[in-house]
>>> print(open('target-v8.cif').read())   # mmCIF, C-alpha atoms and all ligand atoms
data_model
#
loop_
_atom_site.label_atom_id
_atom_site.label_comp_id
_atom_site.auth_asym_id
_atom_site.auth_seq_id
_atom_site.Cartn_x
_atom_site.Cartn_y
_atom_site.Cartn_z
CA MET A 1 220.81 -120.11 71.95
CA ARG A 2 222.88 -121.59 69.11
CA HIS A 3 222.03 -125.27 69.56
CA LEU A 4 219.84 -127.50 71.75
CA LEU A 5 221.97 -130.56 72.41
CA ASP A 6 221.11 -131.73 75.91
CA THR A 7 219.43 -130.75 79.14
CA GLN A 8 222.41 -131.62 81.33
CA THR A 9 224.10 -128.34 80.39
CA LEU A 10 220.90 -126.37 79.77
CA ALA A 11 220.75 -123.38 82.10
CA ARG A 12 217.65 -122.86 84.20
CA THR A 13 217.00 -119.47 82.59
CA ASP A 14 217.20 -120.96 79.08
CA ALA A 15 214.91 -123.83 80.07
CA LEU A 16 212.32 -121.45 81.51
CA ARG A 17 212.61 -119.24 78.47
CA ILE A 18 211.85 -122.16 76.14
CA LEU A 19 208.86 -123.17 78.31
CA ASP A 20 207.53 -119.61 78.41
CA VAL A 21 207.88 -119.07 74.66
CA ALA A 22 206.16 -122.46 74.24
CA GLU A 23 203.24 -121.03 76.24
CA ASP A 24 202.97 -118.21 73.67
CA MET A 25 203.19 -120.76 70.87
CA ALA A 26 200.47 -122.90 72.49
CA ASP A 27 198.21 -119.84 72.58
CA THR A 28 198.63 -119.39 68.83
CA GLN A 29 197.83 -123.08 68.29
CA ARG A 30 194.33 -122.55 69.64
CA ARG A 31 193.54 -120.17 66.79
CA GLU A 32 191.79 -121.24 63.66
CA VAL A 33 194.79 -120.26 61.55
CA LYS A 34 197.75 -121.86 63.25
CA LYS A 35 200.48 -120.66 60.93
CA LEU A 36 202.84 -117.81 61.87
CA PRO A 37 205.21 -115.99 59.50
CA THR A 38 208.12 -116.03 61.96
CA LEU A 39 210.56 -118.35 60.15
CA ARG A 40 209.63 -117.59 56.57
CA GLY A 41 212.62 -118.11 54.29
CA LYS A 42 214.41 -120.40 56.76
CA THR A 43 215.08 -124.05 56.01
CA VAL A 44 214.82 -126.75 58.65
CA VAL A 45 216.19 -130.19 57.85
CA ASN A 46 214.90 -133.23 59.73
CA LEU A 47 217.84 -135.64 59.62
CA PHE A 48 216.64 -138.97 61.01
CA PHE A 49 219.02 -141.91 61.15
CA GLU A 50 216.70 -143.83 63.52
CA ASP A 51 213.02 -144.64 63.16
CA SER A 52 210.61 -142.13 64.56
CA THR A 53 207.01 -141.26 64.04
CA ARG A 54 205.86 -138.69 66.53
CA THR A 55 209.10 -136.80 67.05
CA ARG A 56 209.73 -136.33 63.33
CA ILE A 57 206.15 -135.33 62.59
CA SER A 58 206.14 -133.02 65.60
CA PHE A 59 209.27 -131.17 64.43
CA GLU A 60 207.81 -131.01 60.92
CA ALA A 61 204.55 -129.53 62.19
CA ALA A 62 206.45 -127.07 64.41
CA ALA A 63 208.66 -125.84 61.57
CA LYS A 64 205.75 -125.56 59.14
CA ARG A 65 203.58 -123.64 61.59
CA LEU A 66 206.41 -121.12 61.79
CA SER A 67 206.45 -120.96 57.96
CA ALA A 68 209.92 -122.52 57.58
CA ASP A 69 210.64 -124.79 54.64
CA VAL A 70 211.10 -128.37 55.81
CA ILE A 71 213.24 -131.04 54.24
CA ASN A 72 212.80 -134.54 55.62
CA PHE A 73 215.85 -136.69 55.27
CA SER A 74 215.69 -140.23 56.60
CA ALA A 75 218.64 -142.53 56.41
CA LYS A 76 216.74 -145.42 54.89
CA GLY A 77 216.84 -145.14 51.12
CA SER A 78 219.40 -142.33 51.23
CA SER A 79 223.10 -142.35 50.44
CA VAL A 80 223.73 -143.04 54.12
CA SER A 81 222.74 -146.64 53.43
CA LYS A 82 225.44 -146.59 50.73
CA GLY A 83 227.98 -145.70 53.39
CA GLU A 84 228.04 -141.91 53.20
CA SER A 85 229.49 -140.45 56.38
CA LEU A 86 227.83 -137.99 58.74
CA GLN A 87 230.38 -135.43 57.55
CA ASP A 88 229.43 -135.80 53.88
CA THR A 89 225.73 -135.71 54.69
CA ALA A 90 226.20 -132.62 56.82
CA GLN A 91 228.23 -130.82 54.19
CA THR A 92 225.58 -131.62 51.58
CA LEU A 93 222.93 -130.05 53.84
CA GLN A 94 225.16 -127.03 54.37
CA ALA A 95 225.54 -126.59 50.62
CA MET A 96 221.75 -126.67 50.30
CA GLY A 97 221.44 -123.85 52.82
CA ALA A 98 220.02 -125.51 55.93
CA ASP A 99 219.47 -123.04 58.76
CA ALA A 100 218.66 -125.67 61.37
CA VAL A 101 219.28 -129.40 61.47
CA VAL A 102 217.12 -131.58 63.69
CA ILE A 103 219.03 -134.80 64.13
CA ARG A 104 218.12 -138.22 65.53
CA HIS A 105 220.96 -140.70 65.56
CA GLY A 106 221.71 -144.08 67.10
CA ALA A 107 225.08 -142.91 68.36
CA SER A 108 225.20 -140.95 71.59
CA GLY A 109 226.98 -137.67 70.91
CA ALA A 110 226.26 -137.44 67.16
CA PRO A 111 224.38 -134.10 67.51
CA ARG A 112 227.27 -132.56 69.43
CA THR A 113 229.72 -133.79 66.81
CA LEU A 114 227.59 -132.14 64.15
CA ALA A 115 227.33 -128.90 66.11
CA THR A 116 231.01 -128.59 66.94
CA SER A 117 232.61 -130.10 63.84
CA GLY A 118 232.61 -126.95 61.76
CA TRP A 119 230.96 -128.91 58.92
CA ILE A 120 227.83 -126.81 59.09
CA SER A 121 226.83 -123.37 60.29
CA ALA A 122 223.23 -124.41 61.02
CA GLY A 123 221.80 -124.61 64.51
CA VAL A 124 221.54 -128.20 65.70
CA VAL A 125 218.66 -129.70 67.68
CA ASN A 126 219.08 -133.12 69.24
CA ALA A 127 215.95 -135.18 68.57
CA GLY A 128 217.34 -138.22 70.40
CA ASP A 129 220.87 -139.63 70.30
CA GLY A 130 221.40 -143.26 71.29
CA THR A 131 220.76 -143.70 74.99
CA HIS A 132 222.15 -140.23 75.75
CA GLU A 133 219.54 -137.45 75.59
CA HIS A 134 216.26 -136.29 74.07
CA PRO A 135 216.02 -132.69 75.28
CA THR A 136 212.81 -131.62 73.54
CA GLN A 137 210.99 -134.62 75.02
CA ALA A 138 212.04 -133.55 78.52
CA LEU A 139 211.02 -129.98 77.79
CA LEU A 140 207.57 -131.05 76.61
CA ASP A 141 207.24 -133.26 79.69
CA ALA A 142 208.17 -130.37 81.99
CA PHE A 143 205.76 -128.13 80.08
CA THR A 144 202.98 -130.71 80.54
CA ILE A 145 203.60 -131.07 84.28
CA ARG A 146 203.70 -127.29 84.71
CA LYS A 147 200.54 -126.80 82.69
CA ARG A 148 198.59 -129.41 84.65
CA ARG A 149 199.75 -127.83 87.89
CA PHE A 150 199.45 -124.12 87.16
CA GLY A 151 197.17 -123.92 84.12
CA ASP A 152 197.12 -120.48 82.51
CA ASP A 153 199.27 -119.21 85.35
CA SER A 154 202.29 -121.29 84.28
CA ARG A 155 204.59 -118.63 82.83
CA GLY A 156 207.76 -117.97 84.78
CA ARG A 157 207.18 -120.84 87.20
CA ASP A 158 209.55 -123.69 87.91
CA LEU A 159 208.78 -127.14 89.33
CA ALA A 160 210.07 -126.58 92.88
CA GLY A 161 208.84 -129.32 95.18
CA VAL A 162 207.10 -131.31 92.44
CA LYS A 163 207.68 -135.05 92.86
CA VAL A 164 208.22 -136.96 89.62
CA THR A 165 208.72 -140.72 89.54
CA ILE A 166 210.15 -142.26 86.36
CA VAL A 167 209.51 -145.98 85.96
CA GLY A 168 210.97 -148.69 83.78
CA ASP A 169 213.78 -149.10 81.29
CA VAL A 170 216.01 -146.34 82.62
CA LEU A 171 219.12 -148.08 81.33
CA HIS A 172 218.25 -147.55 77.66
CA SER A 173 216.24 -144.37 78.02
CA ARG A 174 217.43 -141.01 76.72
CA VAL A 175 214.04 -139.68 77.80
CA ALA A 176 214.81 -140.60 81.41
CA ARG A 177 218.25 -138.99 81.27
CA SER A 178 217.02 -135.73 79.77
CA ASN A 179 214.18 -135.61 82.29
CA VAL A 180 216.48 -136.26 85.26
CA TRP A 181 218.63 -133.25 84.37
CA LEU A 182 215.88 -130.86 83.32
CA LEU A 183 213.42 -131.65 86.10
CA THR A 184 216.06 -131.28 88.80
CA THR A 185 217.30 -128.03 87.21
CA LEU A 186 213.71 -126.81 87.55
CA GLY A 187 213.57 -127.83 91.22
CA ALA A 188 211.61 -131.09 91.02
CA GLN A 189 212.47 -134.17 93.07
CA VAL A 190 213.07 -137.14 90.81
CA THR A 191 212.77 -140.80 91.81
CA LEU A 192 213.67 -143.65 89.46
CA VAL A 193 212.01 -147.05 89.75
CA ALA A 194 213.30 -150.02 87.78
CA PRO A 195 214.37 -153.62 88.02
CA PRO A 196 218.00 -153.68 89.21
CA THR A 197 219.05 -154.92 85.76
CA LEU A 198 217.59 -151.82 84.07
CA VAL A 199 219.34 -149.28 86.30
CA PRO A 200 222.59 -147.86 84.84
CA GLN A 201 225.67 -149.16 86.66
CA ASP A 202 227.30 -145.83 87.26
CA MET A 203 224.79 -143.30 88.51
CA SER A 204 227.22 -141.15 90.42
CA GLY A 205 226.23 -137.55 89.95
CA TRP A 206 222.60 -138.36 89.14
CA PRO A 207 220.51 -136.18 91.44
CA VAL A 208 217.88 -138.86 92.03
CA GLN A 209 216.58 -141.41 94.46
CA VAL A 210 216.46 -145.00 93.15
CA ARG A 211 213.82 -147.50 94.22
CA TYR A 212 213.08 -151.01 93.04
CA ASP A 213 209.51 -151.42 94.28
CA LEU A 214 206.80 -149.66 92.30
CA ASP A 215 204.09 -150.05 94.96
CA GLU A 216 206.28 -148.32 97.54
CA ALA A 217 207.07 -145.57 95.06
CA ILE A 218 203.37 -145.02 94.37
CA ALA A 219 202.62 -144.99 98.11
CA ALA A 220 205.16 -142.14 98.44
CA GLY A 221 202.66 -139.98 96.53
CA PRO A 222 204.31 -138.71 93.33
CA ASP A 223 202.71 -135.78 91.47
CA ALA A 224 203.63 -137.35 88.16
CA LEU A 225 204.32 -140.98 87.30
CA MET A 226 206.23 -141.26 84.03
CA MET A 227 206.19 -144.73 82.50
CA LEU A 228 209.02 -145.55 80.08
CA ARG A 229 208.80 -147.80 77.09
CA ILE A 230 210.63 -151.11 77.39
CA GLN A 231 213.14 -150.66 74.56
CA LEU A 232 213.28 -154.22 73.28
CA GLU A 233 215.23 -153.09 70.21
CA ARG A 234 218.13 -151.97 72.40
CA MET A 235 218.19 -155.19 74.45
CA ASN A 236 220.72 -157.80 73.44
CA ALA A 237 220.29 -159.75 76.66
CA ALA A 238 217.48 -160.83 78.97
CA TYR A 239 216.98 -158.02 81.48
CA PHE A 240 213.87 -159.56 83.03
CA PRO A 241 212.50 -163.12 83.11
CA THR A 242 209.31 -162.65 81.07
CA GLU A 243 207.13 -159.79 79.89
CA ARG A 244 204.40 -161.08 82.17
CA GLU A 245 206.71 -160.89 85.16
CA TYR A 246 207.82 -157.39 84.15
CA SER A 247 204.30 -156.03 83.94
CA ARG A 248 203.34 -157.73 87.20
CA ARG A 249 206.15 -155.99 89.09
CA TRP A 250 206.79 -152.75 87.18
CA GLY A 251 203.76 -152.21 84.97
CA LEU A 252 201.09 -149.61 85.71
CA ASP A 253 197.96 -151.73 85.97
CA ALA A 254 194.44 -150.83 87.12
CA ARG A 255 195.20 -151.61 90.78
CA ARG A 256 198.25 -149.33 90.87
CA LEU A 257 196.36 -146.64 89.02
CA GLN A 258 193.77 -146.75 91.82
CA ALA A 259 196.50 -146.43 94.44
CA LEU A 260 197.87 -143.28 92.84
CA GLY A 261 196.80 -139.99 94.44
CA ALA A 262 193.76 -138.34 92.90
CA ASP A 263 195.75 -135.38 91.54
CA SER A 264 198.72 -137.23 90.17
CA ILE A 265 199.18 -137.60 86.45
CA VAL A 266 200.33 -140.53 84.33
CA MET A 267 202.82 -139.77 81.56
CA HIS A 268 204.40 -141.79 78.75
CA PRO A 269 206.61 -140.48 75.91
CA GLY A 270 205.19 -142.97 73.42
CA PRO A 271 205.17 -145.27 71.65
CA MET A 272 203.44 -147.32 74.35
CA ASN A 273 203.65 -151.06 74.77
CA ARG A 274 200.10 -151.43 76.04
CA GLY A 275 199.84 -154.33 78.42
CA LEU A 276 203.57 -154.33 79.16
CA GLU A 277 204.67 -151.16 80.98
CA ILE A 278 201.22 -149.56 80.94
CA SER A 279 197.72 -151.00 80.92
CA ALA A 280 194.96 -149.72 78.67
CA GLU A 281 193.08 -148.45 81.77
CA ALA A 282 196.03 -146.28 82.74
CA ALA A 283 196.86 -145.12 79.21
CA ASP A 284 193.28 -144.06 78.50
CA SER A 285 192.37 -142.70 81.92
CA PRO A 286 191.59 -138.99 82.43
CA ARG A 287 194.78 -138.61 84.42
CA SER A 288 196.88 -139.80 81.48
CA THR A 289 198.61 -136.89 79.74
CA VAL A 290 199.87 -138.94 76.78
CA LEU A 291 198.00 -136.95 74.13
CA GLU A 292 198.60 -133.63 75.89
CA GLN A 293 202.31 -134.45 75.74
CA VAL A 294 202.04 -134.93 71.98
CA ALA A 295 200.17 -131.65 71.51
CA ASN A 296 202.54 -129.76 73.80
CA GLY A 297 205.47 -131.23 71.88
CA VAL A 298 204.59 -129.11 68.86
CA SER A 299 204.50 -125.90 70.93
CA VAL A 300 207.80 -126.71 72.66
CA ARG A 301 209.51 -127.51 69.36
CA MET A 302 208.14 -124.30 67.84
CA ALA A 303 209.71 -122.45 70.77
CA ALA A 304 213.05 -124.21 70.35
CA LEU A 305 213.20 -123.56 66.60
CA TYR A 306 212.12 -119.97 67.12
CA LEU A 307 214.78 -119.30 69.74
CA LEU A 308 217.46 -120.96 67.60
CA LEU A 309 216.56 -119.30 64.32
CA ALA A 310 214.86 -116.02 65.10
CA GLY A 311 215.80 -115.31 68.70
CA ALA A 312 219.14 -113.69 67.84
CA GLU A 313 217.62 -111.36 65.26
CA HIS A 314 215.09 -110.12 67.79
CA GLY A 315 217.78 -109.02 70.23
CA ALA A 316 219.24 -111.05 73.04
CA GLY A 317 216.84 -110.02 75.75
CA GLU A 318 213.62 -110.28 73.81
CA THR A 319 211.76 -113.57 74.00
CA THR A 320 208.29 -112.81 72.76
CA PRO A 321 207.83 -114.10 69.23
CA ALA A 322 205.93 -112.10 66.64
CA THR A 323 202.91 -114.31 66.98
CA ASP A 324 200.23 -111.79 66.20
CA ALA A 325 200.15 -112.10 62.46
CA PRO A 326 199.02 -115.47 61.16
CA VAL A 327 199.56 -116.23 57.51
CA THR A 328 197.63 -118.32 55.07
CA GLY A 329 199.01 -119.86 51.91
CA GLY A 330 202.41 -118.31 52.50
CA GLU A 331 201.03 -114.77 52.24
CA GLU A 332 201.07 -112.56 55.28
CA LYS A 333 197.59 -111.38 56.25
CA GLU A 334 196.33 -109.16 58.95
CA ASN A 335 194.38 -110.94 61.64
CA THR A 336 191.11 -109.08 61.41
CA ARG A 337 189.17 -111.17 63.89
C1 LIG B 1 211.22 -141.82 72.77
C2 LIG B 1 212.50 -141.96 72.01
O1 LIG B 1 212.52 -142.21 70.82
O2 LIG B 1 213.53 -141.81 72.67
N1 LIG B 1 210.09 -141.65 71.99
C3 LIG B 1 209.79 -140.47 71.43
O3 LIG B 1 210.64 -139.65 71.18
N2 LIG B 1 208.51 -140.23 71.21
C4 LIG B 1 211.02 -142.88 73.74
C5 LIG B 1 210.94 -144.28 73.25
O4 LIG B 1 211.16 -144.57 72.08
O5 LIG B 1 210.66 -145.12 74.09
#
>>> encode(input="target-v8.cif", output="structure tokens")
Amino acid sequence: MRHLLDTQTLARTDALRILDVAEDMADTQRREVKKLPTLRGKTVVNLFFEDSTRTRISFEAAAKRLSADVINFSAKGSSVSKGESLQDTAQTLQAMGADAVVIRHGASGAPRTLATSGWISAGVVNAGDGTHEHPTQALLDAFTIRKRRFGDDSRGRDLAGVKVTIVGDVLHSRVARSNVWLLTTLGAQVTLVAPPTLVPQDMSGWPVQVRYDLDEAIAAGPDALMMLRIQLERMNAAYFPTEREYSRRWGLDARRLQALGADSIVMHPGPMNRGLEISAEAADSPRSTVLEQVANGVSVRMAALYLLLAGAEHGAGETTPATDAPVTGGEEKENTR
């Protein structure tokens, strides 16, 4: 794998490989010493042109736990705010020897431009581009669903027959798009629920069912209910009458949480608008996987960085990372426990 740009073109075998390597990474994250020597000497640049808390920190933690050097570059306060182009920024990173660039950008397609421009030789990971895609979020969501369903027996399994219902601001959501492609690639059945104004106009080719009534969708018995954040910052018009009306019709409140099957899980990519798309009862309930998603995000991003940066050197067919030798303080040590 050279880059991770989207899930729409991600092959099933590559997706499963990332999830399985993430399982190995998750195992190492239960140890007291979480750091592995795998990417020592490699440099990962976090290039964030849009605000982010958890995704940036998650990539930073993932790279550091693999012993890569991490450079955080955010557009605010950088030369980008003085008008420097993506090309100049990229070429600067190339000159500094970046091996991987994790990019978040407001423009859909910016990661692909970076990957195919010839400006850099680094591997490119899309950490969210406009309303287009957010592949590592979908991968961590799929990982979370698989883990809840199969536990320690998750490796090698897909999501055949799993029913996932994604609710809310689909129109502006790169998380929804990446999940639609990945989950269906893995065999899940995806239903989207949204107000008509927050459904994209052209959904031809989307392998999903669309519903407008959340209560009906819950009655259909989904295995996972994924609530999306209302992206007020991307709304330049009124897509629903009032926030109160939105949460009454499309919010996951205590009553709807009750109506959900006992085994179904509640997901949210964060950050949550508590009281708008999700109530505190739902967000904090035992069936909420919100914090598991955050923890799994580190393992999935470790897997992605590993496969991009070390996978090739370990031979094409080999997927198991050298996770047996933790390091402390940058020095490799034998694990004597
Ligand atoms: C998502 C994003 O930025 O696309 N959040 C995230 O990555 N944790 C979803 C969102 O902002 O609503």
>>> axis_aligned_box(input="target-v8.cif", around="region 188-202 of chain A", padding_each_side="4 Å", output="JSON")
{"center_x": 219.5, "center_y": -143.0, "center_z": 88.6, "size_x": 23.7, "size_y": 31.8, "size_z": 17.0}
>>> residues_around(input="target-v8.cif", residues="Val175 (chain A)", least_positions_apart="3", cutoff="10 Å", atoms="only C-alpha atoms", output="compact mmCIF listing (two decimals) with C-alpha atoms, in the frame of the given file")
# COMPACT_ATOMS: atom_id res chain seq x y z
CA GLY A 128 217.34 -138.22 70.40
CA THR A 131 220.76 -143.70 74.99
CA HIS A 132 222.15 -140.23 75.75
CA GLU A 133 219.54 -137.45 75.59
CA HIS A 134 216.26 -136.29 74.07
CA PRO A 135 216.02 -132.69 75.28
CA THR A 136 212.81 -131.62 73.54
CA GLN A 137 210.99 -134.62 75.02
CA ALA A 138 212.04 -133.55 78.52
CA ASP A 141 207.24 -133.26 79.69
CA ILE A 166 210.15 -142.26 86.36
CA VAL A 170 216.01 -146.34 82.62
CA HIS A 172 218.25 -147.55 77.66
CA SER A 178 217.02 -135.73 79.77
CA ASN A 179 214.18 -135.61 82.29
CA VAL A 180 216.48 -136.26 85.26
CA LEU A 228 209.02 -145.55 80.08
CA ARG A 229 208.80 -147.80 77.09
CA HIS A 268 204.40 -141.79 78.75
CA PRO A 269 206.61 -140.48 75.91
>>> atom_distance(input="target-v8.cif", atom1="CA of Val298 (chain A)", atom2="CA of Ser58 (chain A)")
5.3 Å
>>> atom_distance(input="target-v8.cif", atom1="CA of Thr7 (chain A)", atom2="CA of Arg65 (chain A)")
24.7 Å
>>> residues_around(input="target-v8.cif", residues="Ala304 (chain A)", least_positions_apart="4", cutoff="12 Å", atoms="all atoms listed in the file", output="mmCIF file with C-alpha atoms, in the coordinates of the input")
data_model
loop_
_atom_site.group_PDB
_atom_site.id
_atom_site.type_symbol
_atom_site.label_atom_id
_atom_site.label_comp_id
_atom_site.auth_asym_id
_atom_site.auth_seq_id
_atom_site.Cartn_x
_atom_site.Cartn_y
_atom_site.Cartn_z
ATOM 1 C CA MET A 1 220.810 -120.110 71.950
ATOM 2 C CA ARG A 2 222.880 -121.590 69.110
ATOM 3 C CA HIS A 3 222.030 -125.270 69.560
ATOM 4 C CA LEU A 4 219.840 -127.500 71.750
ATOM 5 C CA LEU A 5 221.970 -130.560 72.410
ATOM 6 C CA ASP A 14 217.200 -120.960 79.080
ATOM 7 C CA ALA A 15 214.910 -123.830 80.070
ATOM 8 C CA LEU A 16 212.320 -121.450 81.510
ATOM 9 C CA ARG A 17 212.610 -119.240 78.470
ATOM 10 C CA ILE A 18 211.850 -122.160 76.140
ATOM 11 C CA LEU A 19 208.860 -123.170 78.310
ATOM 12 C CA ASP A 20 207.530 -119.610 78.410
ATOM 13 C CA VAL A 21 207.880 -119.070 74.660
ATOM 14 C CA ALA A 22 206.160 -122.460 74.240
ATOM 15 C CA GLU A 23 203.240 -121.030 76.240
ATOM 16 C CA MET A 25 203.190 -120.760 70.870
ATOM 17 C CA PHE A 59 209.270 -131.170 64.430
ATOM 18 C CA ALA A 62 206.450 -127.070 64.410
ATOM 19 C CA ALA A 63 208.660 -125.840 61.570
ATOM 20 C CA LEU A 66 206.410 -121.120 61.790
ATOM 21 C CA ALA A 100 218.660 -125.670 61.370
ATOM 22 C CA VAL A 102 217.120 -131.580 63.690
ATOM 23 C CA GLY A 123 221.800 -124.610 64.510
ATOM 24 C CA VAL A 124 221.540 -128.200 65.700
ATOM 25 C CA VAL A 125 218.660 -129.700 67.680
ATOM 26 C CA ASN A 126 219.080 -133.120 69.240
ATOM 27 C CA ALA A 127 215.950 -135.180 68.570
ATOM 28 C CA PRO A 135 216.020 -132.690 75.280
ATOM 29 C CA THR A 136 212.810 -131.620 73.540
ATOM 30 C CA GLN A 137 210.990 -134.620 75.020
ATOM 31 C CA LEU A 139 211.020 -129.980 77.790
ATOM 32 C CA LEU A 140 207.570 -131.050 76.610
ATOM 33 C CA GLY A 297 205.470 -131.230 71.880
ATOM 34 C CA VAL A 298 204.590 -129.110 68.860
ATOM 35 C CA SER A 299 204.500 -125.900 70.930
ATOM 36 C CA VAL A 300 207.800 -126.710 72.660
ATOM 37 C CA LEU A 308 217.460 -120.960 67.600
ATOM 38 C CA LEU A 309 216.560 -119.300 64.320
ATOM 39 C CA ALA A 310 214.860 -116.020 65.100
ATOM 40 C CA GLY A 311 215.800 -115.310 68.700
ATOM 41 C CA THR A 319 211.760 -113.570 74.000
ATOM 42 C CA PRO A 321 207.830 -114.100 69.230
#
>>> residues_around(input="target-v8.cif", residues="Thr113 (chain A)", least_positions_apart="2", cutoff="12 Å", atoms="only C-alpha atoms", output="list in words")
His3, Leu5, Leu86, Gln87, Ala90, Ile103, His105, Ala107, Ser108, Gly109, Ala110, Pro111, Ala115, Thr116, Ser117, Gly118, Trp119, Ile120, Val124, Val125, Asn126 and Asp129 of chain A
>>> residues_around(input="target-v8.cif", residues="region 250-255 of chain A", least_positions_apart="6", cutoff="12 Å", atoms="all atoms listed in the file", output="compact mmCIF listing (two decimals) with C-alpha atoms, in the frame of the given file")
# COMPACT_ATOMS: atom_id res chain seq x y z
CA ILE A 166 210.15 -142.26 86.36
CA VAL A 167 209.51 -145.98 85.96
CA GLY A 168 210.97 -148.69 83.78
CA ASP A 169 213.78 -149.10 81.29
CA LEU A 192 213.67 -143.65 89.46
CA VAL A 193 212.01 -147.05 89.75
CA ALA A 194 213.30 -150.02 87.78
CA PRO A 195 214.37 -153.62 88.02
CA PRO A 196 218.00 -153.68 89.21
CA LEU A 198 217.59 -151.82 84.07
CA ARG A 211 213.82 -147.50 94.22
CA TYR A 212 213.08 -151.01 93.04
CA ASP A 213 209.51 -151.42 94.28
CA LEU A 214 206.80 -149.66 92.30
CA ASP A 215 204.09 -150.05 94.96
CA GLU A 216 206.28 -148.32 97.54
CA ALA A 217 207.07 -145.57 95.06
CA ILE A 218 203.37 -145.02 94.37
CA LEU A 225 204.32 -140.98 87.30
CA MET A 226 206.23 -141.26 84.03
CA MET A 227 206.19 -144.73 82.50
CA LEU A 228 209.02 -145.55 80.08
CA ARG A 229 208.80 -147.80 77.09
CA ILE A 230 210.63 -151.11 77.39
CA PHE A 240 213.87 -159.56 83.03
CA THR A 242 209.31 -162.65 81.07
CA GLU A 243 207.13 -159.79 79.89
CA ARG A 244 204.40 -161.08 82.17
CA VAL A 266 200.33 -140.53 84.33
CA MET A 267 202.82 -139.77 81.56
CA HIS A 268 204.40 -141.79 78.75
CA MET A 272 203.44 -147.32 74.35
CA ASN A 273 203.65 -151.06 74.77
CA ARG A 274 200.10 -151.43 76.04
CA GLY A 275 199.84 -154.33 78.42
CA LEU A 276 203.57 -154.33 79.16
CA GLU A 277 204.67 -151.16 80.98
CA ILE A 278 201.22 -149.56 80.94
CA SER A 279 197.72 -151.00 80.92
CA ALA A 280 194.96 -149.72 78.67
CA GLU A 281 193.08 -148.45 81.77
CA ALA A 282 196.03 -146.28 82.74
CA ALA A 283 196.86 -145.12 79.21
CA ASP A 284 193.28 -144.06 78.50
CA SER A 285 192.37 -142.70 81.92
CA SER A 288 196.88 -139.80 81.48
>>> atom_distance(input="target-v8.cif", atom1="CA of Arg40 (chain A)", atom2="CA of Arg104 (chain A)")
24.0 Å
>>> closest_residue(input="target-v8.cif", among="A:Thr28, A:Ser52, A:Gln94, A:Gln201", to="ligand LIG 1 (chain B)", atoms="all atoms listed in the file")
A:Ser52
>>> closest_residue(input="target-v8.cif", among="A:Val33, A:Ile57, A:Ala122, A:Val70", to="ligand LIG 1 (chain B)", atoms="all atoms listed in the file")
A:Ile57
>>> residues_around(input="target-v8.cif", residues="Gly270 (chain A)", least_positions_apart="6", cutoff="10 Å", atoms="only C-alpha atoms", output="CSV table (one decimal) with C-alpha atoms, in the coordinates of the input")
chain,number,residue,atom,x,y,z
A,53,THR,CA,207.0,-141.3,64.0
A,54,ARG,CA,205.9,-138.7,66.5
A,55,THR,CA,209.1,-136.8,67.0
A,227,MET,CA,206.2,-144.7,82.5
A,228,LEU,CA,209.0,-145.6,80.1
A,229,ARG,CA,208.8,-147.8,77.1
A,290,VAL,CA,199.9,-138.9,76.8
A,291,LEU,CA,198.0,-137.0,74.1
A,293,GLN,CA,202.3,-134.4,75.7
A,294,VAL,CA,202.0,-134.9,72.0
>>> closest_residue(input="target-v8.cif", among="A:Leu183, A:Ser173, A:Arg287, A:Asp6", to="Pro200 (chain A)", atoms="only C-alpha atoms")
A:Ser173
>>> closest_residue(input="target-v8.cif", among="A:Trp206, A:Tyr306, A:Phe143, A:Phe48", to="ligand LIG 1 (chain B)", atoms="all atoms listed in the file")
A:Phe48
>>> closest_residue(input="target-v8.cif", among="A:Gln189, A:Gln231, A:Ser67, A:Asn296", to="ligand LIG 1 (chain B)", atoms="all atoms listed in the file")
A:Gln231
